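Reproduced below: final_35.txt, with compact mmCIF, C-alpha atoms.
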# COMPACT_ATOMS: atom_id res chain seq x y z
CA MET A 25 18.31 -5.74 2.75
CA PRO A 26 15.36 -6.60 0.49
CA ILE A 27 11.90 -6.25 1.97
CA ARG A 28 10.60 -9.55 3.31
CA THR A 29 8.12 -8.40 5.97
CA VAL A 30 5.36 -5.79 5.61
CA LEU A 31 3.63 -4.54 8.76
CA PHE A 32 0.51 -2.41 8.60
CA ASP A 33 -1.67 -0.32 10.84
CA PHE A 34 -5.35 -1.22 10.31
CA ASP A 35 -7.92 1.60 10.62
CA GLY A 36 -7.33 4.17 7.89
CA THR A 37 -4.59 2.01 6.38
CA LEU A 38 -6.08 -1.35 5.39
CA ALA A 39 -9.76 -0.69 6.03
CA ASP A 40 -11.84 2.45 5.73
CA THR A 41 -13.22 1.85 9.21
CA LEU A 42 -12.47 5.21 10.79
CA PRO A 43 -15.92 6.59 9.85
CA LEU A 44 -17.51 3.59 11.61
CA SER A 45 -15.44 4.25 14.73
CA PHE A 46 -16.35 7.94 14.70
CA LYS A 47 -20.05 7.11 14.27
CA ALA A 48 -20.03 4.61 17.13
CA PHE A 49 -18.10 6.85 19.53
CA ARG A 50 -20.31 9.83 18.77
CA ALA A 51 -23.42 7.76 19.51
CA VAL A 52 -21.95 6.53 22.79
CA PHE A 53 -21.02 9.96 24.12
CA GLN A 54 -24.25 11.55 22.95
CA GLN A 55 -26.46 8.87 24.48
CA TYR A 56 -24.68 8.39 27.80
CA ASP A 57 -23.02 11.77 28.43
CA ASN A 58 -25.40 13.95 26.42
CA ARG A 59 -22.43 15.58 24.73
CA ILE A 60 -21.34 15.90 21.13
CA VAL A 61 -17.74 14.99 20.40
CA SER A 62 -15.93 15.96 17.20
CA GLU A 63 -13.75 13.69 15.08
CA GLU A 64 -10.73 15.65 16.31
CA GLU A 65 -11.70 14.96 19.93
CA ILE A 66 -12.14 11.27 19.17
CA VAL A 67 -8.78 11.04 17.40
CA ALA A 68 -7.15 12.64 20.46
CA MET A 69 -8.52 9.72 22.51
CA PHE A 70 -6.97 7.11 20.20
CA GLY A 71 -4.19 4.87 21.46
CA PRO A 72 -5.92 2.54 23.91
CA THR A 73 -8.56 -0.01 22.84
CA GLU A 74 -12.16 1.01 22.27
CA ASP A 75 -13.11 -0.40 25.67
CA ASP A 76 -10.44 1.67 27.41
CA ILE A 77 -11.31 4.82 25.46
CA ILE A 78 -14.89 4.60 26.69
CA ALA A 79 -13.89 3.71 30.24
CA ARG A 80 -11.43 6.59 30.46
CA ASN A 81 -13.49 9.29 28.76
CA LEU A 82 -17.14 8.61 29.58
CA ASN A 83 -18.33 10.86 32.39
CA ASN A 84 -21.23 8.53 33.18
CA GLN A 85 -19.08 5.77 34.65
CA ALA A 86 -22.10 3.74 35.74
CA ALA A 87 -22.95 3.24 32.06
CA VAL A 88 -19.52 2.12 30.80
CA GLN A 89 -20.49 -1.51 30.22
CA GLU A 90 -23.72 -0.60 28.45
CA ALA A 91 -21.99 2.10 26.42
CA THR A 92 -19.27 -0.31 25.32
CA ALA A 93 -21.91 -2.80 24.16
CA LEU A 94 -23.57 -0.04 22.12
CA TYR A 95 -20.25 0.86 20.53
CA TYR A 96 -19.67 -2.68 19.31
CA GLU A 97 -23.25 -3.04 18.08
CA ILE A 98 -22.96 0.07 15.91
CA TYR A 99 -19.45 -0.80 14.77
CA ARG A 100 -20.44 -4.33 13.76
CA ASN A 101 -23.58 -3.27 11.90
CA GLY A 102 -21.69 -0.58 9.97
CA HIS A 103 -19.74 -3.23 8.06
CA PHE A 104 -22.88 -4.31 6.25
CA ASP A 105 -23.88 -0.97 4.74
CA ASP A 106 -24.17 -0.80 0.96
CA GLU A 107 -20.71 0.74 0.64
CA GLY A 108 -18.38 -1.42 2.69
CA PRO A 109 -15.13 -0.18 4.23
CA LEU A 110 -12.79 -2.31 2.06
CA PRO A 111 -11.76 -0.89 -1.32
CA SER A 112 -10.87 -3.57 -3.89
CA ASP A 113 -7.34 -2.23 -4.35
CA ILE A 114 -6.54 -3.16 -0.73
CA THR A 115 -7.46 -6.78 -1.42
CA HIS A 116 -5.38 -6.68 -4.61
CA MET A 117 -2.40 -5.27 -2.69
CA LEU A 118 -2.54 -7.91 0.04
CA THR A 119 -2.96 -10.67 -2.53
CA SER A 120 0.06 -9.39 -4.44
CA LEU A 121 2.19 -9.26 -1.29
CA ARG A 122 1.15 -12.78 -0.39
CA GLU A 123 1.98 -14.06 -3.88
CA GLN A 124 5.46 -12.56 -3.53
CA GLY A 125 6.03 -14.51 -0.34
CA MET A 126 5.95 -11.52 2.00
CA LYS A 127 5.26 -11.98 5.68
CA ILE A 128 2.32 -9.72 6.51
CA GLY A 129 1.39 -8.38 9.91
CA VAL A 130 -0.90 -5.86 11.57
CA ILE A 131 -0.18 -3.69 14.59
CA THR A 132 -3.35 -1.91 15.68
CA GLY A 133 -4.62 -0.11 18.73
CA LYS A 134 -8.02 -1.76 18.20
CA SER A 135 -9.26 -4.37 20.64
CA ARG A 136 -9.07 -7.91 19.34
CA LYS A 137 -12.88 -8.01 19.42
CA ALA A 138 -13.16 -4.99 17.11
CA PHE A 139 -10.39 -6.29 14.86
CA LEU A 140 -12.13 -9.65 14.46
CA ILE A 141 -15.43 -7.94 13.67
CA SER A 142 -13.71 -6.14 10.80
CA THR A 143 -11.55 -8.93 9.45
CA GLU A 144 -14.37 -11.47 9.50
CA ALA A 145 -16.84 -9.10 7.83
CA LEU A 146 -14.26 -8.02 5.23
CA GLN A 147 -12.80 -11.50 4.76
CA LEU A 148 -9.26 -10.38 5.52
CA SER A 149 -8.23 -12.88 8.18
CA SER A 150 -6.33 -15.21 5.85
CA PHE A 151 -3.85 -12.52 4.78
CA PHE A 152 -2.08 -11.97 8.11
CA ASP A 153 0.75 -13.98 9.62
CA VAL A 154 0.64 -12.04 12.86
CA VAL A 155 -1.77 -9.57 14.46
CA ILE A 156 -0.88 -7.45 17.48
CA THR A 157 -3.91 -5.63 18.91
CA GLY A 158 -4.28 -3.12 21.70
CA ASP A 159 -5.12 -6.02 24.01
CA ASP A 160 -1.68 -7.54 23.40
CA VAL A 161 0.52 -4.66 24.52
CA GLU A 162 1.09 -2.66 27.66
CA GLN A 163 2.22 0.42 25.71
CA PRO A 164 0.27 1.30 22.54
CA LYS A 165 1.66 3.22 19.58
CA PRO A 166 3.62 5.48 19.35
CA HIS A 167 5.59 3.07 21.55
CA PRO A 168 7.18 0.38 19.34
CA GLU A 169 6.24 -2.53 21.63
CA GLY A 170 3.71 -3.96 19.18
CA ILE A 171 6.14 -3.80 16.26
CA HIS A 172 8.84 -5.51 18.30
CA GLN A 173 6.36 -8.25 19.24
CA ALA A 174 5.40 -8.81 15.62
CA LEU A 175 9.01 -9.01 14.43
CA HIS A 176 9.84 -11.51 17.18
CA ILE A 177 6.88 -13.75 16.33
CA LEU A 178 7.67 -13.64 12.61
CA GLY A 179 11.40 -14.15 13.12
CA SER A 180 12.04 -11.05 11.02
CA HIS A 181 14.92 -8.61 11.28
CA GLN A 182 14.13 -4.91 11.39
CA ASN A 183 16.31 -4.29 8.32
CA GLU A 184 14.06 -6.49 6.16
CA ALA A 185 10.78 -5.14 7.53
CA ILE A 186 8.75 -2.02 6.83
CA PHE A 187 5.79 -0.42 8.59
CA LEU A 188 2.94 1.55 7.04
CA GLY A 189 0.32 3.69 8.76
CA ASP A 190 -1.85 6.77 8.47
CA SER A 191 -1.21 8.50 11.80
CA ASN A 192 1.55 10.36 13.58
CA ALA A 193 1.62 7.60 16.18
CA ASP A 194 2.24 5.03 13.43
CA ILE A 195 5.19 6.92 11.98
CA ARG A 196 6.74 7.49 15.40
CA ALA A 197 6.30 3.82 16.32
CA GLY A 198 7.88 2.57 13.11
CA LYS A 199 10.80 4.94 13.37
CA SER A 200 11.34 4.09 17.03
CA ALA A 201 11.49 0.41 16.08
CA GLY A 202 14.17 1.17 13.50
CA LEU A 203 12.05 0.25 10.47
CA ARG A 204 11.64 1.99 7.17
CA THR A 205 8.32 3.67 7.81
CA TYR A 206 5.80 4.94 5.29
CA GLY A 207 2.78 7.19 5.59
CA VAL A 208 -0.35 6.21 3.70
CA GLN A 209 -3.17 8.40 2.46
CA TRP A 210 -4.83 6.01 0.03
CA LEU A 211 -8.21 5.61 1.72
CA SER A 212 -11.01 8.17 1.83
CA THR A 213 -10.50 8.75 5.57
CA TYR A 214 -7.14 8.80 7.34
CA GLN A 215 -5.86 10.35 10.55
CA SER A 216 -3.01 12.64 9.51
CA ALA A 217 -2.97 15.00 6.55
CA THR A 218 0.56 16.00 7.58
CA PHE A 219 3.04 14.04 9.67
CA GLU A 220 4.91 15.51 12.62
CA THR A 221 7.64 12.89 12.17
CA GLU A 222 8.86 12.65 8.58
CA PRO A 223 8.04 9.25 7.03
CA ASP A 224 10.43 7.74 4.51
CA GLN A 225 7.76 8.27 1.86
CA ILE A 226 4.03 8.94 1.62
CA PHE A 227 1.87 6.76 -0.60
CA THR A 228 -1.43 8.02 -1.98
CA SER A 229 -2.15 4.82 -3.88
CA THR A 230 -1.54 1.12 -3.31
CA GLY A 231 -0.11 0.90 -6.82
CA SER A 232 2.78 3.22 -6.00
CA PHE A 233 3.51 1.17 -2.89
CA LEU A 234 3.54 -2.09 -4.85
CA ALA A 235 5.95 -0.48 -7.30
CA LEU A 236 8.34 0.08 -4.39
CA ILE A 237 7.98 -3.54 -3.33
CA HIS A 238 8.69 -4.78 -6.85
CA SER A 239 11.81 -2.63 -7.11
CA ASP A 240 13.15 -3.51 -3.66
CA SER A 241 12.45 -7.21 -3.32
Would you mind writing the file's structure down as structure tokens?
Amino acid sequence: MPIRTVLFDFDGTLADTLPLSFKAFRAVFQQYDNRIVSEEEIVAMFGPTEDDIIARNLNNQAAVQEATALYYEIYRNGHFDDEGPLPSDITHMLTSLREQGMKIGVITGKSRKAFLISTEALQLSSFFDVVITGDDVEQPKPHPEGIHQALHILGSHQNEAIFLGDSNADIRAGKSAGLRTYGVQWLSTYQSATFETEPDQIFTSTGSFLALIHSDS
């Protein structure tokens, strides 16, 4: 069936926000646990929301609330640096998909609070027909719960929907949901250089992805 619904991961897929997340998590663990965590260690914590990551991994449990507030402060402020986390080709891609009448959704492990910080700062909110955050599911990716929720809300069949993401968890979730699933490596920072589960294709530019859409729709 032709593609009618396009579902995306967010961090590392639609917005170059992974560096902001790394910066904020590093500051939290250094200030409240006096320990330095690597990007690899942070990625290994991914899955739950930012709040849950801090609550589960901070040794100084008495400081969880304060540490979480610091995370969001750093994350919010990072969107207003000189070089923002939204390349222009992402906006062009989303605009093109919208003009073609595609239903567009996001399935992210981010909290809704963090997602809204990003979409409001980057002026992305108007593009999405459905957003499933880490606050909306009991089982985060690689479980397909979020994808199933999005398809149900949109009234879309899995055969007319595709999912794109930059991590192993994304590819596993999309495949488990029965969708054509694509890896993306078109931003400066993404989670997986190689995928443990084979995606249907890997895109290194939004232009090559749009070419697929044009040929399939």
Could you name the residues that touch Ser150 of chain A at 12 Å or less, counting all atoms listed in the file, but leaving out those on the same chain fewer than 6 positions away, as a list of chain:residue names? A:Thr115, A:Leu118, A:Thr119, A:Arg122, A:Ile128, A:Gly129, A:Leu140, A:Thr143, A:Glu144
Residue nearest Asp105 of chain A - candidates A:Ala145, A:Ala193, A:Leu175, A:Leu42, atoms counted: all atoms listed in the file: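 Counting all atoms listed in the file, the residue closest to Asp105 of chain A is A:Ala145.
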Work out how far apart atom CA of Pro26 of chain A and atom CA of Asn183 of chain A are and give it in Å to one decimal. 8.2 Å
Could you give me, as an MDAnalysis selection string, the residues within 12 Å of Tyr99 of chain A, counting all atoms listed in the file and dropping anything in the same chain fewer than 2 positions from it? chainID A and resid 41:52 74 92:97 101:105 109 134 137:142 145
With all atoms listed in the file as the atoms that count, which of A:Val155, A:Ser216, A:Arg59, A:Gln147 lies nearest to Gln173 of chain A?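 Smallest separation from Gln173 of chain A among the options: A:Val155.
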Find the spatial neighbours of Phe70 of chain A, counting all atoms listed in the file, within a cut-off of 12 Å - ignore same-chain residues fewer than 2 positions away - and output them as a short mmCIF file (atom, residue, chain, number, x, y, z; two decimals) with C-alpha atoms, keeping the file's coordinate frame.
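As written to disk, selection.cif reads:
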data_model
loop_
_atom_site.label_atom_id
_atom_site.label_comp_id
_atom_site.auth_asym_id
_atom_site.auth_seq_id
_atom_site.Cartn_x
_atom_site.Cartn_y
_atom_site.Cartn_z
CA ASP A 35 -7.92 1.60 10.62
CA LEU A 42 -12.47 5.21 10.79
CA SER A 45 -15.44 4.25 14.73
CA PHE A 46 -16.35 7.94 14.70
CA PHE A 49 -18.10 6.85 19.53
CA GLU A 63 -13.75 13.69 15.08
CA GLU A 64 -10.73 15.65 16.31
CA GLU A 65 -11.70 14.96 19.93
CA ILE A 66 -12.14 11.27 19.17
CA VAL A 67 -8.78 11.04 17.40
CA ALA A 68 -7.15 12.64 20.46
CA PRO A 72 -5.92 2.54 23.91
CA THR A 73 -8.56 -0.01 22.84
CA GLU A 74 -12.16 1.01 22.27
CA ASP A 75 -13.11 -0.40 25.67
CA ASP A 76 -10.44 1.67 27.41
CA ILE A 77 -11.31 4.82 25.46
CA ILE A 78 -14.89 4.60 26.69
CA ARG A 80 -11.43 6.59 30.46
CA ASN A 81 -13.49 9.29 28.76
CA THR A 132 -3.35 -1.91 15.68
CA GLY A 133 -4.62 -0.11 18.73
CA LYS A 134 -8.02 -1.76 18.20
CA SER A 135 -9.26 -4.37 20.64
CA GLY A 158 -4.28 -3.12 21.70
CA PRO A 164 0.27 1.30 22.54
CA LYS A 165 1.66 3.22 19.58
CA PRO A 166 3.62 5.48 19.35
CA SER A 191 -1.21 8.50 11.80
CA ASN A 192 1.55 10.36 13.58
CA ALA A 193 1.62 7.60 16.18
CA ASP A 194 2.24 5.03 13.43
CA GLN A 215 -5.86 10.35 10.55
#
Atomic separation - atom CA of Ser229 of chain A relative to atom CA of Ile186 of chain A, Å: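 Calculated distance between atom CA of Ile186 of chain A and atom CA of Ser229 of chain A is 16.7 Å.
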Length of the atom CA of Pro223 of chain A to atom CA of Thr37 of chain A vector [Å]: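 These atoms are spaced 14.6 Å apart.
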So that I can check the surroundings of segment 230-239 of chain A, please list as a list in words every protein, DNA and RNA residue that reaches within 10 Å of it, counting all atoms listed in the file and ignoring chain neighbours fewer than 2 positions away.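 Everything that qualifies: Pro26, Ile27, Arg28, Val30, Asp113, Ile114, His116, Met117, Leu118, Ser120, Leu121, Gln124, Met126, Leu188, Tyr206, Val208, Gln209, Trp210, Leu211, Gln225, Ile226, Phe227, Thr228 and Ser241 of chain A.
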Identify which of the residues A:Val61, A:Phe53, A:Glu123, A:Met69 lies closest to Ala87 of chain A, counting all atoms listed in the file when measuring atom-to-atom distances.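 Of all the options, A:Phe53 lies closest to Ala87 of chain A.
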Could you tell me which of A:Asp159, A:Glu222, A:Glu169, A:Asp240 comes closest to Ala185 of chain A if we count only C-alpha atoms?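 So, comparing all the options, the nearest one is A:Asp240.
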Given only C-alpha atoms as the counted atoms, nearest of A:Glu220, A:Glu90, A:Asp190, A:Asp153 to Ile177 of chain A: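 Looking only at the distances to Ile177 of chain A, the closest residue turns out to be A:Asp153.
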Just give me the residues with any atom within 8 Å of (-0.7, -7.1, 14.6), file coordinates, counting all atoms listed in the file, written as a list in words.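 Answer for this query, in the requested form: Leu31, Phe32, Asp33, Gly129, Val130, Ile131, Thr132, Val154, Val155, Ile156, Thr157, Gly170, Ile171 and Ala174 of chain A.
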Just-selected residues, C-alpha atoms written as a PDB file, in the coordinates of the input:
ATOM      1  CA  LEU A  31       3.630  -4.540   8.760  1.00  0.00           C
ATOM      2  CA  PHE A  32       0.510  -2.410   8.600  1.00  0.00           C
ATOM      3  CA  ASP A  33      -1.670  -0.320  10.840  1.00  0.00           C
ATOM      4  CA  GLY A 129       1.390  -8.380   9.910  1.00  0.00           C
ATOM      5  CA  VAL A 130      -0.900  -5.860  11.570  1.00  0.00           C
ATOM      6  CA  ILE A 131      -0.180  -3.690  14.590  1.00  0.00           C
ATOM      7  CA  THR A 132      -3.350  -1.910  15.680  1.00  0.00           C
ATOM      8  CA  VAL A 154       0.640 -12.040  12.860  1.00  0.00           C
ATOM      9  CA  VAL A 155      -1.770  -9.570  14.460  1.00  0.00           C
ATOM     10  CA  ILE A 156      -0.880  -7.450  17.480  1.00  0.00           C
ATOM     11  CA  THR A 157      -3.910  -5.630  18.910  1.00  0.00           C
ATOM     12  CA  GLY A 170       3.710  -3.960  19.180  1.00  0.00           C
ATOM     13  CA  ILE A 171       6.140  -3.800  16.260  1.00  0.00           C
ATOM     14  CA  ALA A 174       5.400  -8.810  15.620  1.00  0.00           C
TER      15      ALA A 174
END
Which residue gives the smallest distance to Tyr214 of chain A among A:Met25, A:Phe152, A:His172, A:Gly36, with all atoms listed in the file counted? A:Gly36
